[in-house]
>>> print(open('upload.cif').read())   # mmCIF, C-alpha atoms
data_start
#
loop_
_atom_site.label_atom_id
_atom_site.label_comp_id
_atom_site.auth_asym_id
_atom_site.auth_seq_id
_atom_site.Cartn_x
_atom_site.Cartn_y
_atom_site.Cartn_z
CA MET F 1 85.11 -89.20 -79.52
CA THR F 2 82.99 -92.15 -80.58
CA VAL F 3 80.17 -91.37 -83.01
CA LEU F 4 76.85 -92.47 -81.46
CA TYR F 5 74.47 -91.16 -84.09
CA THR F 6 74.66 -89.27 -87.36
CA ALA F 7 71.81 -87.11 -88.62
CA GLU F 8 71.87 -86.73 -92.39
CA VAL F 9 69.80 -83.99 -93.99
CA VAL F 10 69.90 -82.87 -97.61
CA SER F 11 69.10 -79.31 -98.64
CA SER F 12 67.74 -79.00 -102.18
CA GLY F 13 66.11 -76.31 -104.26
CA ASP F 14 67.13 -72.76 -103.51
CA GLY F 15 68.65 -72.96 -100.01
CA ARG F 16 66.55 -70.76 -97.74
CA THR F 17 63.55 -71.12 -100.05
CA GLY F 18 64.14 -74.79 -100.86
CA ARG F 19 63.50 -77.92 -98.88
CA VAL F 20 65.29 -80.13 -96.39
CA SER F 21 64.82 -83.84 -95.92
CA SER F 22 66.42 -86.40 -93.65
CA SER F 23 67.83 -89.67 -94.92
CA ASP F 24 65.39 -91.62 -92.70
CA GLY F 25 62.36 -89.76 -94.08
CA VAL F 26 61.28 -88.39 -90.68
CA LEU F 27 62.07 -84.76 -91.54
CA GLU F 28 60.62 -83.29 -94.73
CA LEU F 29 60.22 -79.52 -94.74
CA ARG F 30 59.88 -76.70 -97.21
CA LEU F 31 61.71 -73.54 -96.20
CA ASP F 32 61.16 -69.81 -96.59
CA ALA F 33 63.43 -66.95 -95.70
CA PRO F 34 61.99 -64.74 -92.94
CA LYS F 35 60.04 -61.65 -94.06
CA GLU F 36 62.66 -59.52 -92.30
CA VAL F 37 65.24 -60.52 -94.95
CA GLY F 38 62.93 -60.39 -97.95
CA GLY F 39 61.38 -63.86 -97.84
CA ALA F 40 57.77 -64.92 -97.72
CA GLY F 41 58.09 -66.04 -94.09
CA GLU F 42 55.37 -68.64 -94.56
CA ARG F 43 57.44 -71.68 -93.60
CA THR F 44 60.20 -72.54 -91.18
CA ASN F 45 63.74 -71.29 -91.71
CA PRO F 46 67.27 -72.36 -90.70
CA GLU F 47 67.32 -70.08 -87.65
CA GLN F 48 64.12 -71.64 -86.29
CA LEU F 49 65.51 -75.13 -86.87
CA PHE F 50 68.74 -74.22 -85.06
CA ALA F 51 66.76 -72.66 -82.19
CA ALA F 52 64.60 -75.79 -81.87
CA GLY F 53 67.64 -78.05 -81.72
CA TYR F 54 69.49 -75.81 -79.26
CA ALA F 55 66.47 -75.46 -76.93
CA ALA F 56 65.81 -79.22 -76.87
CA CYS F 57 69.47 -80.15 -76.42
CA PHE F 58 70.03 -77.59 -73.65
CA HIS F 59 66.84 -78.72 -71.92
CA SER F 60 68.09 -82.33 -71.91
CA ALA F 61 71.48 -81.23 -70.55
CA LEU F 62 69.69 -79.22 -67.85
CA ARG F 63 67.56 -82.19 -66.79
CA LEU F 64 70.63 -84.46 -66.67
CA SER F 65 72.49 -81.88 -64.57
CA ALA F 66 69.53 -81.70 -62.16
CA ARG F 67 69.36 -85.52 -61.84
CA GLU F 68 73.08 -85.72 -61.12
CA ALA F 69 72.79 -82.96 -58.50
CA ARG F 70 69.70 -84.66 -57.03
CA VAL F 71 67.63 -81.54 -57.60
CA VAL F 72 63.92 -82.15 -58.13
CA LEU F 73 62.55 -79.97 -60.91
CA GLY F 74 59.02 -78.93 -60.07
CA GLY F 75 56.42 -77.28 -62.24
CA GLU F 76 57.19 -77.19 -65.94
CA PRO F 77 60.81 -76.22 -66.62
CA THR F 78 61.31 -74.64 -70.02
CA VAL F 79 64.15 -73.51 -72.24
CA THR F 80 63.43 -70.90 -74.90
CA ALA F 81 66.07 -70.34 -77.56
CA ARG F 82 66.15 -67.21 -79.67
CA VAL F 83 68.55 -67.40 -82.60
CA HIS F 84 69.30 -64.05 -84.20
CA LEU F 85 70.32 -63.61 -87.83
CA GLU F 86 72.69 -60.65 -87.89
CA ARG F 87 74.64 -58.72 -90.46
CA ASP F 88 77.66 -56.46 -90.31
CA ASP F 89 80.27 -55.21 -92.78
CA SER F 90 81.82 -58.67 -93.09
CA GLY F 91 78.55 -60.51 -93.79
CA TYR F 92 75.94 -62.57 -91.98
CA GLY F 93 76.24 -64.26 -88.60
CA ILE F 94 74.11 -65.60 -85.78
CA SER F 95 73.90 -65.23 -82.04
CA ALA F 96 71.67 -66.94 -79.49
CA ASP F 97 69.85 -66.14 -76.28
CA LEU F 98 68.53 -68.87 -74.01
CA THR F 99 65.84 -68.17 -71.42
CA VAL F 100 65.58 -70.85 -68.74
CA ARG F 101 62.63 -71.21 -66.40
CA LEU F 102 63.08 -73.53 -63.39
CA PRO F 103 60.04 -73.03 -61.14
CA GLY F 104 60.57 -73.87 -57.50
CA VAL F 105 64.39 -74.05 -57.76
CA ALA F 106 66.38 -71.62 -55.63
CA PRO F 107 68.22 -69.01 -57.74
CA GLU F 108 71.72 -70.15 -56.70
CA THR F 109 70.90 -73.78 -57.46
CA ALA F 110 69.26 -72.82 -60.75
CA ARG F 111 72.38 -70.88 -61.79
CA GLU F 112 74.59 -73.89 -60.96
CA LEU F 113 72.37 -76.19 -63.03
CA VAL F 114 72.39 -73.78 -65.97
CA ASP F 115 76.18 -73.48 -65.82
CA ARG F 116 76.56 -77.28 -65.75
CA ALA F 117 74.13 -77.65 -68.65
CA HIS F 118 75.98 -74.99 -70.66
CA SER F 119 79.28 -76.78 -70.13
CA ARG F 120 77.93 -80.16 -71.32
CA CYS F 121 75.28 -79.33 -73.97
CA PRO F 122 76.66 -80.34 -77.39
CA TYR F 123 75.19 -77.21 -79.02
CA SER F 124 76.77 -74.94 -76.39
CA ARG F 125 80.08 -76.72 -76.83
CA ALA F 126 79.88 -76.45 -80.61
CA VAL F 127 79.29 -72.69 -80.64
CA ARG F 128 81.49 -71.74 -77.66
CA GLY F 129 83.93 -69.06 -78.75
CA ASN F 130 82.26 -68.77 -82.16
CA ILE F 131 79.01 -66.91 -81.46
CA ARG F 132 77.59 -64.87 -78.60
CA VAL F 133 75.28 -66.91 -76.36
CA GLY F 134 73.37 -65.20 -73.58
CA ILE F 135 71.59 -67.15 -70.86
CA GLU F 136 68.89 -65.65 -68.66
CA LEU F 137 67.14 -67.30 -65.73
CA VAL F 138 63.53 -66.24 -65.17
CA ASP F 139 60.91 -67.11 -62.57
#
>>> encode(input="upload.cif", output="C-alpha coordinates")
Amino acid sequence: MTVLYTAEVVSSGDGRTGRVSSSDGVLELRLDAPKEVGGAGERTNPEQLFAAGYAACFHSALRLSAREARVVLGGEPTVTARVHLERDDSGYGISADLTVRLPGVAPETARELVDRAHSRCPYSRAVRGNIRVGIELVD
(Lines of atoms letter the chains of each structure in order from A and count residues from 1; the text may use other names and numbers.)
(Lines give C-alpha, C1' and ligand atoms only; values in the text may rest on other atoms or scores of the structure.)
Protein backbone atom coordinates (compact mmCIF):
# COMPACT_ATOMS: atom_id res chain seq x y z
CA MET A 1 0.00 0.00 0.00
CA THR A 2 1.03 3.59 -0.59
CA VAL A 3 0.95 5.86 2.45
CA LEU A 4 -1.37 8.81 1.74
CA TYR A 5 -1.33 10.48 5.13
CA THR A 6 0.24 9.89 8.53
CA ALA A 7 -1.34 11.16 11.74
CA GLU A 8 1.23 11.65 14.48
CA VAL A 9 0.03 12.03 18.06
CA VAL A 10 2.16 12.04 21.20
CA SER A 11 0.83 10.83 24.54
CA SER A 12 2.52 12.44 27.53
CA GLY A 13 1.93 12.60 31.25
CA ASP A 14 0.26 9.59 32.82
CA GLY A 15 -1.37 7.80 29.86
CA ARG A 16 -5.11 7.75 30.50
CA THR A 17 -4.83 10.79 32.76
CA GLY A 18 -2.24 12.60 30.65
CA ARG A 19 -2.54 14.51 27.43
CA VAL A 20 -2.38 13.86 23.70
CA SER A 21 -1.24 16.29 21.04
CA SER A 22 -0.84 16.03 17.29
CA SER A 23 2.32 17.05 15.49
CA ASP A 24 0.36 19.66 13.48
CA GLY A 25 -1.09 21.27 16.62
CA VAL A 26 -4.72 20.66 15.62
CA LEU A 27 -5.38 18.11 18.39
CA GLU A 28 -4.53 19.06 21.96
CA LEU A 29 -6.48 17.20 24.64
CA ARG A 30 -6.18 16.34 28.29
CA LEU A 31 -7.43 12.87 29.16
CA ASP A 32 -9.16 11.24 32.11
CA ALA A 33 -9.95 7.61 32.70
CA PRO A 34 -13.71 6.93 32.82
CA LYS A 35 -15.36 6.93 36.27
CA GLU A 36 -16.24 3.26 35.69
CA VAL A 37 -12.54 2.33 35.96
CA GLY A 38 -11.65 4.69 38.79
CA GLY A 39 -10.92 7.89 36.87
CA ALA A 40 -12.38 11.34 37.24
CA GLY A 41 -14.30 11.01 33.96
CA GLU A 42 -14.17 14.75 33.39
CA ARG A 43 -12.38 14.67 30.04
CA THR A 44 -12.28 12.49 26.97
CA ASN A 45 -10.65 9.06 27.03
CA PRO A 46 -9.04 6.68 24.51
CA GLU A 47 -12.26 4.72 23.99
CA GLN A 48 -14.18 7.89 23.06
CA LEU A 49 -11.42 8.90 20.65
CA PHE A 50 -11.46 5.46 19.02
CA ALA A 51 -15.28 5.56 18.80
CA ALA A 52 -15.17 9.00 17.17
CA GLY A 53 -12.66 7.87 14.58
CA TYR A 54 -14.51 4.62 13.85
CA ALA A 55 -17.91 6.35 13.50
CA ALA A 56 -16.55 9.02 11.14
CA CYS A 57 -14.54 6.57 9.04
CA PHE A 58 -17.42 4.08 8.74
CA HIS A 59 -19.80 6.93 7.85
CA SER A 60 -17.48 8.00 5.01
CA ALA A 61 -17.21 4.42 3.75
CA LEU A 62 -21.01 4.13 3.88
CA ARG A 63 -21.50 7.32 1.85
CA LEU A 64 -18.94 6.17 -0.73
CA SER A 65 -20.68 2.79 -0.99
CA ALA A 66 -24.03 4.55 -1.53
CA ARG A 67 -22.57 6.82 -4.26
CA GLU A 68 -21.07 3.84 -6.06
CA ALA A 69 -24.38 1.95 -5.86
CA ARG A 70 -26.25 5.09 -7.00
CA VAL A 71 -28.36 5.05 -3.85
CA VAL A 72 -29.62 8.44 -2.72
CA LEU A 73 -29.35 8.83 1.04
CA GLY A 74 -32.26 10.87 2.31
CA GLY A 75 -32.82 12.41 5.70
CA GLU A 76 -29.81 12.50 7.98
CA PRO A 77 -27.90 9.20 7.92
CA THR A 78 -25.92 8.57 11.09
CA VAL A 79 -23.38 6.12 12.43
CA THR A 80 -23.06 5.72 16.18
CA ALA A 81 -20.03 3.84 17.49
CA ARG A 82 -19.93 2.39 20.98
CA VAL A 83 -16.50 1.19 22.03
CA HIS A 84 -16.51 -1.02 25.11
CA LEU A 85 -13.58 -1.35 27.50
CA GLU A 86 -13.69 -4.91 28.78
CA ARG A 87 -11.73 -7.06 31.16
CA ASP A 88 -11.32 -10.78 31.61
CA ASP A 89 -8.76 -13.08 33.27
CA SER A 90 -6.13 -12.25 30.65
CA GLY A 91 -6.47 -8.46 30.93
CA TYR A 92 -8.17 -5.57 29.17
CA GLY A 93 -9.66 -5.51 25.68
CA ILE A 94 -12.17 -3.62 23.59
CA SER A 95 -15.14 -4.41 21.40
CA ALA A 96 -17.32 -2.17 19.27
CA ASP A 97 -20.94 -1.83 18.26
CA LEU A 98 -21.99 0.34 15.32
CA THR A 99 -25.57 1.54 14.93
CA VAL A 100 -26.39 2.75 11.43
CA ARG A 101 -29.43 4.83 10.56
CA LEU A 102 -30.28 5.21 6.86
CA PRO A 103 -33.71 6.88 6.67
CA GLY A 104 -35.65 6.21 3.50
CA VAL A 105 -33.41 3.34 2.34
CA ALA A 106 -35.03 -0.07 1.91
CA PRO A 107 -33.77 -2.60 4.49
CA GLU A 108 -32.17 -4.93 1.90
CA THR A 109 -30.37 -2.04 0.23
CA ALA A 110 -29.30 -0.63 3.59
CA ARG A 111 -27.84 -4.01 4.60
CA GLU A 112 -25.89 -4.20 1.30
CA LEU A 113 -24.49 -0.70 1.85
CA VAL A 114 -23.48 -1.51 5.43
CA ASP A 115 -21.77 -4.72 4.31
CA ARG A 116 -19.86 -2.85 1.59
CA ALA A 117 -18.86 -0.13 4.05
CA HIS A 118 -17.69 -2.72 6.58
CA SER A 119 -15.53 -4.42 3.97
CA ARG A 120 -13.81 -1.16 2.93
CA CYS A 121 -13.67 1.00 6.09
CA PRO A 122 -10.02 1.16 7.25
CA TYR A 123 -11.08 0.86 10.92
CA SER A 124 -13.19 -2.23 10.18
CA ARG A 125 -10.34 -3.74 8.22
CA ALA A 126 -7.84 -2.98 10.99
CA VAL A 127 -9.88 -4.67 13.72
CA ARG A 128 -11.32 -7.56 11.68
CA GLY A 129 -10.51 -10.82 13.42
CA ASN A 130 -9.07 -8.98 16.43
CA ILE A 131 -12.12 -7.61 18.25
CA ARG A 132 -15.86 -8.23 18.18
CA VAL A 133 -17.72 -5.68 16.05
CA GLY A 134 -21.49 -5.70 15.96
CA ILE A 135 -23.47 -3.72 13.40
CA GLU A 136 -27.14 -2.88 13.81
CA LEU A 137 -29.39 -1.13 11.31
CA VAL A 138 -32.15 1.01 12.81
CA ASP A 139 -34.97 3.07 11.32
>>> residues_around(input="upload.cif", residues="Val37 of chain F", least_positions_apart="4", cutoff="10 Å", atoms="all atoms listed in the file", output="list in words")
Ala33, Gly41 and Leu85 of chain F
>>> residues_around(input="upload.cif", residues="Pro46 of chain F", least_positions_apart="4", cutoff="12 Å", atoms="all atoms listed in the file", output="PyMOL selection string")
chain F and resi 11+15-20+29-34+41+50-53+83-85+94
>>> residues_near_point(input="upload.cif", point="(68.8, -72.9, -65.0)", cutoff="6 Å", atoms="all atoms listed in the file", output="mmCIF file with C-alpha atoms, in the coordinates of the input")
data_model
loop_
_atom_site.group_PDB
_atom_site.id
_atom_site.type_symbol
_atom_site.label_atom_id
_atom_site.label_comp_id
_atom_site.auth_asym_id
_atom_site.auth_seq_id
_atom_site.Cartn_x
_atom_site.Cartn_y
_atom_site.Cartn_z
ATOM 1 C CA VAL F 100 65.580 -70.850 -68.740
ATOM 2 C CA LEU F 102 63.080 -73.530 -63.390
ATOM 3 C CA ALA F 110 69.260 -72.820 -60.750
ATOM 4 C CA ARG F 111 72.380 -70.880 -61.790
ATOM 5 C CA LEU F 113 72.370 -76.190 -63.030
ATOM 6 C CA VAL F 114 72.390 -73.780 -65.970
ATOM 7 C CA LEU F 137 67.140 -67.300 -65.730
#
>>> closest_residue(input="upload.cif", among="F:Asp89, F:Thr6, F:Gly39, F:Gly104", to="Ser23 of chain F", atoms="all atoms listed in the file")
F:Thr6
>>> atom_distance(input="upload.cif", atom1="atom CA of Ser22 of chain F", atom2="atom CA of Ala7 of chain F")
7.4 Å
>>> resolve_selection(input="upload.cif", expression="the PyMOL selection byres ((chain F and resi 132) around 7)", output="number ranges by chain")
F: 95-96, 131, 133-134
>>> closest_residue(input="upload.cif", among="F:Ser60, F:Arg67, F:Ser90, F:Ala55", to="Ile135 of chain F", atoms="all atoms listed in the file")
F:Ala55
>>> closest_residue(input="upload.cif", among="F:Glu112, F:Glu36, F:Glu136, F:Asp24", to="Thr78 of chain F", atoms="all atoms listed in the file")
F:Glu136
>>> closest_residue(input="upload.cif", among="F:Ser124, F:Ser21, F:Ser65, F:Thr44", to="Thr109 of chain F", atoms="only C-alpha atoms")
F:Ser65
>>> atom_distance(input="upload.cif", atom1="atom CA of Val138 of chain F", atom2="atom CA of His59 of chain F")
14.6 Å
>>> atom_distance(input="upload.cif", atom1="atom CA of Gly129 of chain F", atom2="atom CA of Asp97 of chain F")
14.6 Å
>>> closest_residue(input="upload.cif", among="F:Asp115, F:Asp14, F:Glu47, F:Glu108", to="Ala61 of chain F", atoms="only C-alpha atoms")
F:Asp115
>>> closest_residue(input="upload.cif", among="F:Gly25, F:Ala40, F:Thr2, F:Cys57", to="Arg125 of chain F", atoms="all atoms listed in the file")
F:Cys57
>>> axis_aligned_box(input="upload.cif", around="segment 88-97 of chain F", padding_each_side="5 Å", output="AutoDock Vina command-line options")
--center_x 75.8 --center_y -61.1 --center_z -85.0 --size_x 22.0 --size_y 21.7 --size_z 27.5
>>> residues_around(input="upload.cif", residues="Val105 of chain F", least_positions_apart="6", cutoff="9 Å", atoms="all atoms listed in the file", output="list in words")
Val71, Val72, Leu73 and Gly74 of chain F
>>> build_atoms(input="upload.cif", residues="segment 53-64 of chain F", atoms="all heavy atoms", output="mmCIF file, keeping the file's coordinate frame")
data_model
loop_
_atom_site.group_PDB
_atom_site.id
_atom_site.type_symbol
_atom_site.label_atom_id
_atom_site.label_comp_id
_atom_site.auth_asym_id
_atom_site.auth_seq_id
_atom_site.Cartn_x
_atom_site.Cartn_y
_atom_site.Cartn_z
ATOM 1 N N GLY F 53 66.622 -77.080 -82.136
ATOM 2 C CA GLY F 53 67.640 -78.050 -81.720
ATOM 3 C C GLY F 53 68.376 -77.605 -80.472
ATOM 4 O O GLY F 53 68.601 -78.396 -79.555
ATOM 5 N N TYR F 54 68.748 -76.322 -80.411
ATOM 6 C CA TYR F 54 69.490 -75.810 -79.260
ATOM 7 C C TYR F 54 68.620 -75.876 -78.003
ATOM 8 O O TYR F 54 69.062 -76.333 -76.949
ATOM 9 C CB TYR F 54 69.955 -74.382 -79.537
ATOM 10 C CG TYR F 54 71.138 -73.919 -78.699
ATOM 11 C CD1 TYR F 54 71.795 -72.749 -79.023
ATOM 12 C CD2 TYR F 54 71.596 -74.627 -77.583
ATOM 13 C CE1 TYR F 54 72.881 -72.293 -78.279
ATOM 14 C CE2 TYR F 54 72.681 -74.187 -76.839
ATOM 15 C CZ TYR F 54 73.312 -73.009 -77.190
ATOM 16 O OH TYR F 54 74.385 -72.568 -76.441
ATOM 17 N N ALA F 55 67.357 -75.445 -78.099
ATOM 18 C CA ALA F 55 66.470 -75.460 -76.930
ATOM 19 C C ALA F 55 66.287 -76.881 -76.403
ATOM 20 O O ALA F 55 66.381 -77.128 -75.187
ATOM 21 C CB ALA F 55 65.111 -74.852 -77.284
ATOM 22 N N ALA F 56 66.035 -77.830 -77.288
ATOM 23 C CA ALA F 56 65.810 -79.220 -76.870
ATOM 24 C C ALA F 56 67.074 -79.834 -76.277
ATOM 25 O O ALA F 56 67.022 -80.517 -75.249
ATOM 26 C CB ALA F 56 65.318 -80.050 -78.050
ATOM 27 N N CYS F 57 68.205 -79.586 -76.908
ATOM 28 C CA CYS F 57 69.470 -80.150 -76.420
ATOM 29 C C CYS F 57 69.843 -79.563 -75.057
ATOM 30 O O CYS F 57 70.219 -80.287 -74.138
ATOM 31 C CB CYS F 57 70.567 -79.870 -77.451
ATOM 32 S SG CYS F 57 72.118 -80.701 -77.088
ATOM 33 N N PHE F 58 69.709 -78.235 -74.926
ATOM 34 C CA PHE F 58 70.030 -77.590 -73.650
ATOM 35 C C PHE F 58 69.093 -78.067 -72.551
ATOM 36 O O PHE F 58 69.519 -78.315 -71.428
ATOM 37 C CB PHE F 58 69.965 -76.063 -73.791
ATOM 38 C CG PHE F 58 70.642 -75.335 -72.667
ATOM 39 C CD1 PHE F 58 71.981 -74.999 -72.750
ATOM 40 C CD2 PHE F 58 69.943 -75.006 -71.517
ATOM 41 C CE1 PHE F 58 72.618 -74.337 -71.706
ATOM 42 C CE2 PHE F 58 70.563 -74.343 -70.465
ATOM 43 C CZ PHE F 58 71.902 -74.013 -70.557
ATOM 44 N N HIS F 59 67.816 -78.243 -72.891
ATOM 45 C CA HIS F 59 66.840 -78.720 -71.920
ATOM 46 C C HIS F 59 67.221 -80.110 -71.411
ATOM 47 O O HIS F 59 67.155 -80.395 -70.205
ATOM 48 C CB HIS F 59 65.454 -78.724 -72.555
ATOM 49 C CG HIS F 59 64.332 -78.779 -71.575
ATOM 50 N ND1 HIS F 59 63.028 -78.574 -71.943
ATOM 51 C CD2 HIS F 59 64.289 -79.017 -70.234
ATOM 52 C CE1 HIS F 59 62.245 -78.678 -70.878
ATOM 53 N NE2 HIS F 59 62.991 -78.956 -69.842
ATOM 54 N N SER F 60 67.647 -80.988 -72.317
ATOM 55 C CA SER F 60 68.090 -82.330 -71.910
ATOM 56 C C SER F 60 69.322 -82.251 -71.014
ATOM 57 O O SER F 60 69.407 -82.961 -70.010
ATOM 58 C CB SER F 60 68.407 -83.185 -73.142
ATOM 59 O OG SER F 60 67.228 -83.515 -73.820
ATOM 60 N N ALA F 61 70.277 -81.396 -71.369
ATOM 61 C CA ALA F 61 71.480 -81.230 -70.550
ATOM 62 C C ALA F 61 71.133 -80.676 -69.172
ATOM 63 O O ALA F 61 71.724 -81.069 -68.158
ATOM 64 C CB ALA F 61 72.470 -80.312 -71.261
ATOM 65 N N LEU F 62 70.153 -79.798 -69.115
ATOM 66 C CA LEU F 62 69.690 -79.220 -67.850
ATOM 67 C C LEU F 62 69.060 -80.288 -66.964
ATOM 68 O O LEU F 62 69.339 -80.377 -65.767
ATOM 69 C CB LEU F 62 68.698 -78.102 -68.156
ATOM 70 C CG LEU F 62 68.234 -77.221 -67.020
ATOM 71 C CD1 LEU F 62 69.399 -76.482 -66.391
ATOM 72 C CD2 LEU F 62 67.203 -76.235 -67.544
ATOM 73 N N ARG F 63 68.204 -81.120 -67.546
ATOM 74 C CA ARG F 63 67.560 -82.190 -66.790
ATOM 75 C C ARG F 63 68.590 -83.210 -66.280
ATOM 76 O O ARG F 63 68.489 -83.677 -65.150
ATOM 77 C CB ARG F 63 66.481 -82.874 -67.627
ATOM 78 C CG ARG F 63 65.243 -82.004 -67.788
ATOM 79 C CD ARG F 63 64.098 -82.766 -68.441
ATOM 80 N NE ARG F 63 62.859 -82.043 -68.359
ATOM 81 C CZ ARG F 63 62.064 -82.006 -67.298
ATOM 82 N NH1 ARG F 63 62.373 -82.649 -66.212
ATOM 83 N NH2 ARG F 63 60.939 -81.313 -67.324
ATOM 84 N N LEU F 64 69.568 -83.545 -67.101
ATOM 85 C CA LEU F 64 70.630 -84.460 -66.670
ATOM 86 C C LEU F 64 71.428 -83.847 -65.529
ATOM 87 O O LEU F 64 71.725 -84.522 -64.536
ATOM 88 C CB LEU F 64 71.550 -84.798 -67.844
ATOM 89 C CG LEU F 64 72.747 -85.692 -67.523
ATOM 90 C CD1 LEU F 64 72.302 -87.037 -66.949
ATOM 91 C CD2 LEU F 64 73.598 -85.890 -68.777
#
